[in-house]
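Report on the structure given below.
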Amino acid sequence: MAKVPPMQAADKLTFLLSLVPFLIERGTVSVAEAATHFGVKPELVREAVKLIAVSGVPGETSTYQYEDLFDIAWDDFEDNDQITLTNQVAIDDSPRFSAREAAALIAGLQYLSSLPENSDRAAVASLMSKLSLGASAAPSQVAVEGSETDGTLALIRQSVEGGVQLEFDYLNSRGDAERRRVDPLRVESIDADWYLRGWCHLREAVRTFRLDRISNPVVTDEPLSRAAADVQLPDTLFEASDEDLVVTLDVAAAAEPLLADYIPEGAVRSEQNGRVTTTVRVSHYHGLKRLIASMPGVATVVGPAEARAAVAEWAAAGAARYR
Amino acid sequence: MPHDSSPARVPVEERLFSLVLALLATENGLTKTEILSTVQGYRQSFDRSGDNANLERKFERDKDDIRELGVPLETVQSPGDPGNNQNLRYRIPRGAYELPLEVSFSAEETTLLNLAAMVWREGSLSAESRRALIKLRSLGVAADEPVIGYAPRVRVRDAAFEPLNAALGRGALVRFSYLKPGEAESRVRTVAPLALVQHQGRWHLYADEPGQPVRKTFLLRRIVSKVETTGTTFELPEGDLSAIALHELEEIWNGNTAVVEVTPGSDAATRLHKRRGTVETGPSTLELHFSDANILADELAGFGPEVLVIAPESLRDAVRARLEQTEADHG
């Protein structure tokens, strides 16, 4: 999954303010359990507990007397990695969300409104209003249109739940249609585009399928042969392979981010007068010609010659339909 | 600067944590001098007889940082001496700090919120949703294991997004150059940002342009300059502005239709058929909705010979011109 960047002071403060009410509620909890619950390294929990244990309020004397500080059961902490707060000050409950934190989650929920898990609209609406209520100010105005998908997502879920394979017609970017049987492993999305990653029984390999290229999906009776836990899925949606073709492009600098998924790490690039020369990796020219034809004037193939010819031919065949 | 070379260095998070604890614990508030002279992390550098300008600046920054996290740090006038800044008192009212009791989340809801946070993997929205999840977990509710793994993602790749989002939060006017399609030169616009919305995979800014009667929607990818945030602030109007912005985009989408002929069994036939709102009006003839003719023309050109635009005429010409340009560029 996505790499978690190291915690900044703001994140650490948030963690301290959140860990205290969690510890109060749990009574006694192991370092390992707290780390798993918050999704952080055990060492970070230990550091935070040590800091909490010596923190407190200035108190009446303004000198941080013993009774003005948090305290923990030190022996149990040091010997058994168990945390128990034995004295608490100032904090009882969880902090509110900031306006922008609540806005980020609300916008995320809107985007995911087409997931089968979100089919209960009233429940999602109530969840959003709880986030607003739990924010320190009105959530800022960021929104994402719920990306609509057809019933395919529900069938994918049904197939995993039932432990059976999913079968569908799939059109690859070469334009060939095939009936595929797949063990669904993960559903991914990028903006308005949705993908299924699964073990393809036809290819006997992990494949990525665009949901809008899937037709006639059916949940079969065939049991799944692989579960998500058995298969190492690469982090990137578009995996590079040794057989990839390397193509040199001339791209308007402003449009370069649009091609980021195709540009391999460490690609040689040069920039001049707002145009960038860079390389992309593609598995064949069928996908490339579609991509380049959708960016007229913005991206041009420099080489190899066969790639240029494939794009020219595709565009010419398209233009010919208007002549 | 003798204070900064003090041997007793207290980590930033310890100073911030101690500040929050001290201000939560006080009913009547603490004056700045009380804070700087007694709170852990400040007191070590406090000079009773001298100049504490550095320490005061540090406190000003800390206040901003803490407020950014949603902690309601407030100032109260000293009752006996209103208007005297030296006697302003600082505190964090408990009721505005704590999550209200009625806000609790089930395991199912926690799962959904985990997914919602995962949507953001870059920029400030990613940091904010990460912090929101830490706070959510303080409630002690464990998420359900989802049936199938999801890895949703919304991209925030437009360079204009971060400065616009920051200006939105602050209610500050912004200035940028905007290139309208079909125009040769970009024009400098100064607007009040009201909402940032993603529609059909593209980010839009919904804004008031001073002196203009109607609100405008700007496509972020057509902002061709750096976004400058001005010092001028404005009052955010009432209402669910992002919902209004999405609704307006939706109306434009519904109002615009194009008719295309697709090659049966082709990629264009499958994908355009699945596009939201598409209606099959005849054999291999589809009626599509769109919000921006230039963007649709790019998309349709990508399908090459698999698509023939029937109507409108302007879209037909636009797609044809694009294909001819691509052909010429690669000839």
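To be explicit about the labels: the chains of the structure tokens are called A, B, and onward in the order shown, and within each one the residues are counted from 1, while ligands get numbers from 1 in the order they are shown.
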May I ask you to extract the residues of chain B within 6 Å of chain A, using only C-alpha atoms, and to give them as a PyMOL selection string? chain B and resi 13+21-22+24-25+38+69-70+97-99+103+116-117+119+125+128-129+132+135+138+140+149-154+195-199+201+242+271+298-299+301-302+304-305+320+322-324+326-327+330
Would you save the residues from that selection as a compact mmCIF listing (two decimals), in the first residue's frame, using C-alpha atoms?
# COMPACT_ATOMS: atom_id res chain seq x y z
CA GLU B 13 5.62 18.40 19.70
CA LEU B 21 -2.77 20.97 27.98
CA ALA B 22 -2.12 24.27 29.79
CA LEU B 24 -7.34 23.35 28.21
CA ALA B 25 -6.78 23.31 31.97
CA THR B 38 5.55 28.81 32.89
CA LEU B 69 -5.26 21.27 13.53
CA GLY B 70 -8.78 22.29 14.53
CA TYR B 97 -12.24 21.29 21.66
CA GLU B 98 -13.82 17.93 22.37
CA LEU B 99 -15.67 15.85 19.82
CA VAL B 103 -20.53 12.01 17.34
CA ALA B 116 -12.50 7.89 2.15
CA ALA B 117 -9.12 8.89 3.60
CA VAL B 119 -8.72 8.52 -1.75
CA LEU B 125 -5.54 16.63 1.47
CA GLU B 128 -5.29 16.18 6.46
CA SER B 129 -7.07 12.89 5.96
CA ALA B 132 -8.41 12.88 10.63
CA LYS B 135 -8.36 11.39 15.62
CA SER B 138 -8.73 7.74 19.31
CA GLY B 140 -11.14 3.13 19.90
CA GLY B 149 -9.68 -4.64 -1.06
CA TYR B 150 -10.22 -1.20 -2.52
CA ALA B 151 -7.51 1.22 -3.57
CA PRO B 152 -9.43 4.33 -4.63
CA ARG B 153 -7.57 7.42 -5.65
CA VAL B 154 -8.40 10.95 -6.68
CA ALA B 195 -15.30 25.88 -3.92
CA LEU B 196 -13.04 23.32 -5.57
CA VAL B 197 -14.91 20.49 -7.25
CA GLN B 198 -13.91 17.53 -9.37
CA HIS B 199 -16.38 16.72 -12.14
CA GLY B 201 -12.18 13.58 -13.49
CA SER B 242 -19.54 22.91 -3.64
CA ARG B 271 -16.65 2.57 -23.42
CA ASP B 298 -9.90 15.34 -27.51
CA GLU B 299 -11.48 12.22 -26.04
CA ALA B 301 -10.20 11.90 -31.40
CA GLY B 302 -8.43 9.24 -29.30
CA GLY B 304 -9.59 7.32 -34.23
CA PRO B 305 -11.72 5.60 -36.91
CA ARG B 320 -11.68 16.19 -37.70
CA ARG B 322 -7.61 17.20 -34.26
CA LEU B 323 -7.17 13.99 -36.24
CA GLU B 324 -5.69 15.91 -39.16
CA THR B 326 -2.14 14.40 -35.28
CA GLU B 327 -1.72 12.90 -38.75
CA HIS B 330 3.40 12.32 -37.27
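By chain and then residue number, the residues within 10 Å of B:Asp47 are Pro2, His3, Leu36, Ser37, Arg43, Gln44, Ser45, Ser49, Gly50, Asp51, Asn52 and Leu55 of chain B, counting only C-alpha atoms and disregarding those fewer than 2 positions away in sequence.
Taking atom CA of A:Pro264 as the reference point, atom CA of A:Val280 is found at 6.4 Å.
Excluding B:Ala207 itself and same-chain residues fewer than 3 positions from it, the residues having an atom within 6 Å of it are B:Ala192, B:Pro193, B:Leu194, B:Arg215, B:Lys216, counting only C-alpha atoms.
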Using only C-alpha atoms, please write the residues we just selected to a file, as a PDB file, in the first residue's frame.
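Saved file part-v8.pdb follows:
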ATOM      1  CA  ALA B 192     -12.837  35.042  -4.741  1.00  0.00           C
ATOM      2  CA  PRO B 193     -12.528  31.218  -4.549  1.00  0.00           C
ATOM      3  CA  LEU B 194     -15.745  29.600  -3.287  1.00  0.00           C
ATOM      4  CA  ARG B 215     -20.342  33.202 -10.644  1.00  0.00           C
ATOM      5  CA  LYS B 216     -17.703  31.603 -12.850  1.00  0.00           C
TER       6      LYS B 216
END
